[in-house]
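Structure data (PDB, C-alpha atoms, pLDDT in the B column) from protein-v5.pdb:
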```pdb
ATOM      1  CA  LEU A 699      43.750  -4.758 -56.032  1.00 88.00           C
ATOM      2  CA  PHE A 700      45.240  -2.569 -53.316  1.00 93.00           C
ATOM      3  CA  ASN A 701      41.810  -1.396 -52.150  1.00 93.00           C
ATOM      4  CA  PHE A 702      40.486  -4.947 -52.253  1.00 89.00           C
ATOM      5  CA  GLY A 703      43.408  -6.142 -50.140  1.00 90.00           C
ATOM      6  CA  ILE A 704      42.772  -3.506 -47.470  1.00 95.00           C
ATOM      7  CA  GLN A 705      39.039  -4.206 -47.437  1.00 90.00           C
ATOM      8  CA  PHE A 706      39.562  -7.964 -47.244  1.00 86.00           C
ATOM      9  CA  VAL A 707      41.933  -7.638 -44.288  1.00 89.00           C
ATOM     10  CA  ILE A 708      39.365  -5.463 -42.499  1.00 90.00           C
ATOM     11  CA  LEU A 709      36.631  -8.015 -43.305  1.00 83.00           C
ATOM     12  CA  ALA A 710      38.767 -10.901 -42.003  1.00 82.00           C
ATOM     13  CA  LEU A 711      39.564  -9.001 -38.790  1.00 87.00           C
ATOM     14  CA  ALA A 712      35.924  -8.098 -38.254  1.00 84.00           C
ATOM     15  CA  CYS A 713      34.901 -11.728 -38.762  1.00 80.00           C
ATOM     16  CA  LEU A 714      37.526 -12.905 -36.304  1.00 81.00           C
ATOM     17  CA  LEU A 715      36.456 -10.349 -33.706  1.00 85.00           C
ATOM     18  CA  THR A 716      32.751 -11.133 -34.048  1.00 81.00           C
ATOM     19  CA  GLY A 717      33.246 -14.885 -34.343  1.00 75.00           C
ATOM     20  CA  SER A 718      31.316 -15.226 -37.587  1.00 71.00           C
ATOM     21  CA  GLY A 719      31.844 -14.972 -41.253  1.00 67.00           C
ATOM     22  CA  ILE A 720      34.671 -16.477 -43.183  1.00 74.00           C
ATOM     23  CA  ASN A 721      34.492 -20.145 -44.083  1.00 74.00           C
ATOM     24  CA  TRP A 722      38.254 -20.729 -43.965  1.00 77.00           C
ATOM     25  CA  VAL A 723      38.149 -24.098 -45.766  1.00 80.00           C
ATOM     26  CA  THR A 724      36.331 -22.599 -48.743  1.00 80.00           C
ATOM     27  CA  ALA A 725      38.332 -19.379 -48.494  1.00 82.00           C
ATOM     28  CA  LEU A 726      41.586 -21.240 -49.147  1.00 87.00           C
ATOM     29  CA  TRP A 727      40.581 -21.906 -52.750  1.00 89.00           C
ATOM     30  CA  ALA A 728      37.859 -19.318 -53.344  1.00 89.00           C
ATOM     31  CA  VAL A 729      39.549 -16.079 -52.365  1.00 89.00           C
ATOM     32  CA  PRO A 730      42.769 -16.514 -54.404  1.00 93.00           C
ATOM     33  CA  LEU A 731      40.967 -17.997 -57.404  1.00 95.00           C
ATOM     34  CA  ALA A 732      38.195 -15.377 -57.450  1.00 94.00           C
ATOM     35  CA  THR A 733      40.696 -12.566 -56.955  1.00 94.00           C
ATOM     36  CA  LEU A 734      42.948 -13.818 -59.744  1.00 96.00           C
ATOM     37  CA  THR A 735      39.974 -14.327 -62.060  1.00 96.00           C
ATOM     38  CA  THR A 736      38.797 -10.778 -61.449  1.00 95.00           C
ATOM     39  CA  LEU A 737      42.310  -9.399 -61.858  1.00 96.00           C
ATOM     40  CA  VAL A 738      42.994 -11.255 -65.111  1.00 97.00           C
ATOM     41  CA  TRP A 739      39.673 -10.353 -66.722  1.00 96.00           C
ATOM     42  CA  GLY A 740      39.861  -6.738 -65.548  1.00 95.00           C
ATOM     43  CA  THR A 741      43.389  -6.320 -66.864  1.00 96.00           C
ATOM     44  CA  ALA A 742      42.548  -7.919 -70.205  1.00 97.00           C
ATOM     45  CA  LEU A 743      39.429  -5.845 -70.757  1.00 95.00           C
ATOM     46  CA  GLY A 744      41.259  -2.740 -69.542  1.00 94.00           C
ATOM     47  CA  MET A 745      44.014  -3.262 -72.094  1.00 94.00           C
ATOM     48  CA  PHE A 746      41.543  -3.752 -74.955  1.00 93.00           C
ATOM     49  CA  LEU A 747      39.486  -0.731 -73.960  1.00 93.00           C
ATOM     50  CA  ALA A 748      42.492   1.502 -73.281  1.00 91.00           C
ATOM     51  CA  ALA A 749      43.871   0.862 -76.750  1.00 91.00           C
ATOM     52  CA  ALA A 750      40.454   1.379 -78.324  1.00 90.00           C
ATOM     53  CA  ASN A 751      39.948   4.622 -76.379  1.00 89.00           C
ATOM     54  CA  VAL A 752      43.028   6.189 -77.979  1.00 89.00           C
ATOM     55  CA  TYR A 753      41.463   5.781 -81.415  1.00 88.00           C
ATOM     56  CA  MET A 754      37.794   6.216 -80.491  1.00 87.00           C
ATOM     57  CA  ARG A 755      37.258   8.675 -77.634  1.00 85.00           C
ATOM     58  CA  ASP A 756      33.654   7.600 -77.029  1.00 88.00           C
ATOM     59  CA  VAL A 757      34.812   4.261 -75.638  1.00 90.00           C
ATOM     60  CA  GLN A 758      35.130   5.866 -72.196  1.00 88.00           C
ATOM     61  CA  HIS A 759      31.392   6.599 -72.189  1.00 91.00           C
ATOM     62  CA  LEU A 760      30.551   3.077 -73.319  1.00 92.00           C
ATOM     63  CA  VAL A 761      32.663   1.699 -70.472  1.00 92.00           C
ATOM     64  CA  GLU A 762      30.465   3.492 -67.944  1.00 92.00           C
ATOM     65  CA  VAL A 763      27.326   1.968 -69.461  1.00 94.00           C
ATOM     66  CA  GLY A 764      29.031  -1.428 -69.717  1.00 92.00           C
ATOM     67  CA  LEU A 765      29.999  -1.340 -66.041  1.00 92.00           C
ATOM     68  CA  MET A 766      26.432  -0.569 -65.048  1.00 93.00           C
ATOM     69  CA  VAL A 767      25.073  -3.424 -67.174  1.00 92.00           C
ATOM     70  CA  GLY A 768      27.818  -5.733 -65.859  1.00 90.00           C
ATOM     71  CA  PHE A 769      26.874  -4.874 -62.291  1.00 90.00           C
ATOM     72  CA  TRP A 770      23.292  -5.986 -62.878  1.00 90.00           C
ATOM     73  CA  LEU A 771      24.436  -9.151 -64.688  1.00 88.00           C
ATOM     74  CA  THR A 772      26.388 -10.229 -61.609  1.00 89.00           C
ATOM     75  CA  PRO A 773      24.766 -11.672 -58.462  1.00 86.00           C
ATOM     76  CA  ILE A 774      25.628  -8.824 -56.145  1.00 83.00           C
ATOM     77  CA  VAL A 775      22.194  -7.528 -55.174  1.00 81.00           C
ATOM     78  CA  TYR A 776      20.342 -10.763 -55.887  1.00 81.00           C
ATOM     79  CA  SER A 777      21.208 -14.450 -55.641  1.00 79.00           C
ATOM     80  CA  TRP A 778      22.140 -16.874 -58.390  1.00 78.00           C
ATOM     81  CA  GLN A 779      19.251 -19.070 -57.238  1.00 81.00           C
ATOM     82  CA  MET A 780      16.809 -16.295 -58.140  1.00 83.00           C
ATOM     83  CA  VAL A 781      18.111 -16.244 -61.719  1.00 81.00           C
ATOM     84  CA  ALA A 782      18.280 -20.029 -62.021  1.00 78.00           C
ATOM     85  CA  GLY A 783      14.740 -20.429 -60.689  1.00 79.00           C
ATOM     86  CA  ALA A 784      13.068 -17.627 -62.600  1.00 82.00           C
ATOM     87  CA  ALA A 785      14.836 -17.712 -65.949  1.00 77.00           C
ATOM     88  CA  GLY A 786      15.219 -21.417 -66.630  1.00 76.00           C
ATOM     89  CA  PRO A 787      18.250 -23.622 -67.183  1.00 77.00           C
ATOM     90  CA  ARG A 788      19.398 -22.153 -70.510  1.00 82.00           C
ATOM     91  CA  ILE A 789      19.491 -18.597 -69.196  1.00 81.00           C
ATOM     92  CA  ALA A 790      21.201 -19.820 -66.019  1.00 81.00           C
ATOM     93  CA  GLU A 791      23.927 -21.437 -68.136  1.00 83.00           C
ATOM     94  CA  LEU A 792      24.340 -18.239 -70.129  1.00 84.00           C
ATOM     95  CA  TYR A 793      24.444 -16.304 -66.865  1.00 84.00           C
ATOM     96  CA  LEU A 794      27.323 -18.503 -65.680  1.00 87.00           C
ATOM     97  CA  ALA A 795      29.314 -17.508 -68.760  1.00 90.00           C
ATOM     98  CA  ASN A 796      29.951 -14.200 -66.988  1.00 91.00           C
ATOM     99  CA  PRO A 797      33.300 -14.723 -65.199  1.00 94.00           C
ATOM    100  CA  MET A 798      32.443 -12.048 -62.644  1.00 94.00           C
ATOM    101  CA  SER A 799      29.356 -14.009 -61.600  1.00 92.00           C
ATOM    102  CA  LEU A 800      31.579 -16.981 -60.808  1.00 93.00           C
ATOM    103  CA  ALA A 801      34.108 -14.837 -58.947  1.00 93.00           C
ATOM    104  CA  VAL A 802      31.407 -13.078 -56.914  1.00 91.00           C
ATOM    105  CA  MET A 803      29.685 -16.348 -56.012  1.00 89.00           C
ATOM    106  CA  SER A 804      33.017 -17.846 -54.941  1.00 89.00           C
ATOM    107  CA  LEU A 805      33.798 -14.863 -52.721  1.00 87.00           C
ATOM    108  CA  GLN A 806      30.302 -14.855 -51.259  1.00 84.00           C
ATOM    109  CA  ARG A 807      30.553 -18.559 -50.492  1.00 83.00           C
ATOM    110  CA  ALA A 808      33.792 -18.025 -48.587  1.00 82.00           C
ATOM    111  CA  THR A 809      33.326 -14.691 -46.845  1.00 81.00           C
ATOM    112  CA  TRP A 810      29.636 -13.963 -46.425  1.00 75.00           C
ATOM    113  CA  VAL A 811      27.717 -15.600 -43.598  1.00 65.00           C
ATOM    114  CA  ALA A 812      24.470 -15.638 -45.548  1.00 60.00           C
ATOM    115  CA  GLY A 813      26.316 -16.869 -48.647  1.00 60.00           C
ATOM    116  CA  ALA A 814      27.482 -20.080 -47.019  1.00 61.00           C
ATOM    117  CA  GLY A 815      24.054 -21.700 -47.130  1.00 66.00           C
ATOM    118  CA  GLN A 816      23.009 -20.400 -50.534  1.00 69.00           C
ATOM    119  CA  PRO A 817      22.841 -22.823 -53.454  1.00 75.00           C
ATOM    120  CA  VAL A 818      25.542 -22.361 -56.056  1.00 79.00           C
ATOM    121  CA  PRO A 819      26.327 -24.179 -59.291  1.00 83.00           C
ATOM    122  CA  ALA A 820      27.452 -27.749 -58.669  1.00 82.00           C
ATOM    123  CA  GLN A 821      30.913 -27.263 -60.121  1.00 90.00           C
ATOM    124  CA  LEU A 822      31.629 -23.725 -58.902  1.00 89.00           C
ATOM    125  CA  PRO A 823      35.378 -24.265 -58.245  1.00 91.00           C
ATOM    126  CA  LEU A 824      35.836 -25.906 -61.648  1.00 94.00           C
ATOM    127  CA  LEU A 825      33.799 -23.242 -63.434  1.00 94.00           C
ATOM    128  CA  THR A 826      35.786 -20.482 -61.738  1.00 95.00           C
ATOM    129  CA  LEU A 827      39.039 -22.203 -62.682  1.00 96.00           C
ATOM    130  CA  GLY A 828      37.809 -22.377 -66.284  1.00 96.00           C
ATOM    131  CA  ALA A 829      36.951 -18.669 -66.214  1.00 96.00           C
ATOM    132  CA  PHE A 830      40.451 -17.944 -64.904  1.00 97.00           C
ATOM    133  CA  ALA A 831      42.032 -20.018 -67.705  1.00 97.00           C
ATOM    134  CA  ALA A 832      39.889 -18.281 -70.321  1.00 97.00           C
ATOM    135  CA  GLY A 833      40.897 -14.950 -68.797  1.00 97.00           C
ATOM    136  CA  LEU A 834      44.567 -15.859 -69.172  1.00 97.00           C
ATOM    137  CA  GLY A 835      43.965 -16.532 -72.864  1.00 97.00           C
ATOM    138  CA  LEU A 836      42.145 -13.236 -73.227  1.00 97.00           C
ATOM    139  CA  LEU A 837      44.946 -11.453 -71.364  1.00 97.00           C
ATOM    140  CA  PHE A 838      47.481 -12.856 -73.817  1.00 97.00           C
ATOM    141  CA  LEU A 839      45.397 -11.611 -76.760  1.00 97.00           C
ATOM    142  CA  ALA A 840      44.868  -8.232 -75.072  1.00 96.00           C
ATOM    143  CA  GLN A 841      48.598  -7.790 -74.537  1.00 96.00           C
ATOM    144  CA  ARG A 842      49.275  -8.596 -78.195  1.00 95.00           C
ATOM    145  CA  TRP A 843      46.518  -6.197 -79.284  1.00 93.00           C
ATOM    146  CA  PHE A 844      47.762  -3.408 -77.023  1.00 92.00           C
ATOM    147  CA  ASP A 845      51.358  -3.909 -78.183  1.00 92.00           C
ATOM    148  CA  ARG A 846      50.276  -3.710 -81.793  1.00 90.00           C
ATOM    149  CA  MET A 847      48.048  -0.658 -81.307  1.00 89.00           C
ATOM    150  CA  GLN A 848      50.488   1.333 -79.169  1.00 88.00           C
ATOM    151  CA  ARG A 849      52.784   1.898 -82.137  1.00 84.00           C
ATOM    152  CA  ASN A 850      50.490   4.708 -83.320  1.00 81.00           C
ATOM    153  CA  PHE A 851      49.449   6.105 -79.932  1.00 81.00           C
ATOM    154  CA  ALA A 852      51.727   9.157 -80.188  1.00 77.00           C
ATOM    155  CA  GLN A 853      50.298  10.075 -83.598  1.00 79.00           C
ATOM    156  CA  GLU A 854      46.699   9.652 -82.447  1.00 77.00           C
ATOM    157  CA  ILE A 855      47.096  11.642 -79.253  1.00 74.00           C
TER     158      ILE A 855
END
```
Represent the structure of the file as structure tokens.
Amino acid sequence: LFNFGIQFVILALACLLTGSGINWVTALWAVPLATLTTLVWGTALGMFLAAANVYMRDVQHLVEVGLMVGFWLTPIVYSWQMVAGAAGPRIAELYLANPMSLAVMSLQRATWVAGAGQPVPAQLPLLTLGAFAAGLGLLFLAQRWFDRMQRNFAQEI
């Protein structure tokens, strides 16, 4: 979050200096919501995986593979339109179940010049809000799981 904050300030300054970039109207909802969605999901998954890693040391290696797969399941190097057009509506709906896809598309819509004109799902703000709410539920479960599992951390380590 600290690194993201520094990078976002630099991006905002660069956009102001060059006179292009950030769509401030969209950024008012997109940046906080996408950031919070990413933060909530990352914290929840981190808590689950940290607790699991104490008991099963190979989890750290699976996380590396999972991050690589997650990267390619998120529209970072390609557009959502490419997936929606090539894979069909059912796969596109499944693709939108990835909360990071929604967060990335929201940030691209607000901060990326080329992202402003790109097609996005019709209800992107609502879908991102739903992903945030689901992430809060997952965070609650992750905290309960971590609290329960930490009782034996000292014995396992």
Exercise for review: Compile the contact shell of Val761 (chain A) as a list in words: residues with an atom at most 9 Å away, counting only C-alpha atoms, same-chain residues fewer than 5 positions apart removed.
Suggested key: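 Surrounding residues, per the criterion: Leu747, Asp756 and Met766 of chain A.
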Check: In file coordinates, which residues lie within 10 Å of (37.7, -18.3, -52.7) using only C-alpha atoms, given as a list in words?
Finding: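 Every polymer residue passing the test: Asn721, Trp722, Val723, Thr724, Ala725, Leu726, Trp727, Ala728, Val729, Pro730, Leu731, Ala732, Thr733, Leu734, Ala801, Val802, Met803, Ser804, Leu805, Gln806, Arg807, Ala808, Thr809, Pro823 and Thr826 of chain A.
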Exactly which residues make up the result of the PyMOL selection byres ((chain A and resi 838) around 12) on this file, given as a PyMOL selection string?
-> chain A and resi 738-739+741-743+745-746+831-837+839-845
Output C-alpha atoms for every residue in the selection just made, as a PDB file, in the coordinates of the input.
```pdb
ATOM      1  CA  VAL A 738      42.994 -11.255 -65.111  1.00 97.00           C
ATOM      2  CA  TRP A 739      39.673 -10.353 -66.722  1.00 96.00           C
ATOM      3  CA  THR A 741      43.389  -6.320 -66.864  1.00 96.00           C
ATOM      4  CA  ALA A 742      42.548  -7.919 -70.205  1.00 97.00           C
ATOM      5  CA  LEU A 743      39.429  -5.845 -70.757  1.00 95.00           C
ATOM      6  CA  MET A 745      44.014  -3.262 -72.094  1.00 94.00           C
ATOM      7  CA  PHE A 746      41.543  -3.752 -74.955  1.00 93.00           C
ATOM      8  CA  ALA A 831      42.032 -20.018 -67.705  1.00 97.00           C
ATOM      9  CA  ALA A 832      39.889 -18.281 -70.321  1.00 97.00           C
ATOM     10  CA  GLY A 833      40.897 -14.950 -68.797  1.00 97.00           C
ATOM     11  CA  LEU A 834      44.567 -15.859 -69.172  1.00 97.00           C
ATOM     12  CA  GLY A 835      43.965 -16.532 -72.864  1.00 97.00           C
ATOM     13  CA  LEU A 836      42.145 -13.236 -73.227  1.00 97.00           C
ATOM     14  CA  LEU A 837      44.946 -11.453 -71.364  1.00 97.00           C
ATOM     15  CA  LEU A 839      45.397 -11.611 -76.760  1.00 97.00           C
ATOM     16  CA  ALA A 840      44.868  -8.232 -75.072  1.00 96.00           C
ATOM     17  CA  GLN A 841      48.598  -7.790 -74.537  1.00 96.00           C
ATOM     18  CA  ARG A 842      49.275  -8.596 -78.195  1.00 95.00           C
ATOM     19  CA  TRP A 843      46.518  -6.197 -79.284  1.00 93.00           C
ATOM     20  CA  PHE A 844      47.762  -3.408 -77.023  1.00 92.00           C
ATOM     21  CA  ASP A 845      51.358  -3.909 -78.183  1.00 92.00           C
TER      22      ASP A 845
END
```
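Across the model, the gap from CA of Tyr793 (chain A) to CA of Leu825 (chain A) is 12.1 Å.
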For the provided coordinates, the residues matched by the PyMOL selection byres ((chain A and resi 795) around 12) should be stated as number ranges by chain. A: 771-772, 788-794, 796-801, 819, 822, 825-826, 828-830, 832-833
Suppose we keep C-alpha atoms; can you now write the selection as a PDB file, in the coordinates of the input?
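And here is the file that came out, out.pdb:
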```
ATOM      1  CA  LEU A 771      24.436  -9.151 -64.688  1.00 88.00           C
ATOM      2  CA  THR A 772      26.388 -10.229 -61.609  1.00 89.00           C
ATOM      3  CA  ARG A 788      19.398 -22.153 -70.510  1.00 82.00           C
ATOM      4  CA  ILE A 789      19.491 -18.597 -69.196  1.00 81.00           C
ATOM      5  CA  ALA A 790      21.201 -19.820 -66.019  1.00 81.00           C
ATOM      6  CA  GLU A 791      23.927 -21.437 -68.136  1.00 83.00           C
ATOM      7  CA  LEU A 792      24.340 -18.239 -70.129  1.00 84.00           C
ATOM      8  CA  TYR A 793      24.444 -16.304 -66.865  1.00 84.00           C
ATOM      9  CA  LEU A 794      27.323 -18.503 -65.680  1.00 87.00           C
ATOM     10  CA  ASN A 796      29.951 -14.200 -66.988  1.00 91.00           C
ATOM     11  CA  PRO A 797      33.300 -14.723 -65.199  1.00 94.00           C
ATOM     12  CA  MET A 798      32.443 -12.048 -62.644  1.00 94.00           C
ATOM     13  CA  SER A 799      29.356 -14.009 -61.600  1.00 92.00           C
ATOM     14  CA  LEU A 800      31.579 -16.981 -60.808  1.00 93.00           C
ATOM     15  CA  ALA A 801      34.108 -14.837 -58.947  1.00 93.00           C
ATOM     16  CA  PRO A 819      26.327 -24.179 -59.291  1.00 83.00           C
ATOM     17  CA  LEU A 822      31.629 -23.725 -58.902  1.00 89.00           C
ATOM     18  CA  LEU A 825      33.799 -23.242 -63.434  1.00 94.00           C
ATOM     19  CA  THR A 826      35.786 -20.482 -61.738  1.00 95.00           C
ATOM     20  CA  GLY A 828      37.809 -22.377 -66.284  1.00 96.00           C
ATOM     21  CA  ALA A 829      36.951 -18.669 -66.214  1.00 96.00           C
ATOM     22  CA  PHE A 830      40.451 -17.944 -64.904  1.00 97.00           C
ATOM     23  CA  ALA A 832      39.889 -18.281 -70.321  1.00 97.00           C
ATOM     24  CA  GLY A 833      40.897 -14.950 -68.797  1.00 97.00           C
TER      25      GLY A 833
END
```
What is the CA of Arg849 (chain A) to CA of His759 (chain A) distance in Å?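 Calculated distance between CA of Arg849 (chain A) and CA of His759 (chain A) is 24.1 Å.
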Next item on the list: For CA of Pro817 (chain A) and CA of Ser777 (chain A), determine how far apart the two atoms are, in Å to one decimal place.
Entry: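 Pair CA of Pro817 (chain A) / CA of Ser777 (chain A) returns 8.8 Å.
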When you look at Phe851 (chain A) with a cut-off of 10 Å (counting all atoms listed in the file), what residues show up, excluding the ones that are within fewer than 2 positions of it in the same chain? I need them as number ranges by chain. A: 749, 752-753, 847-849, 853-855
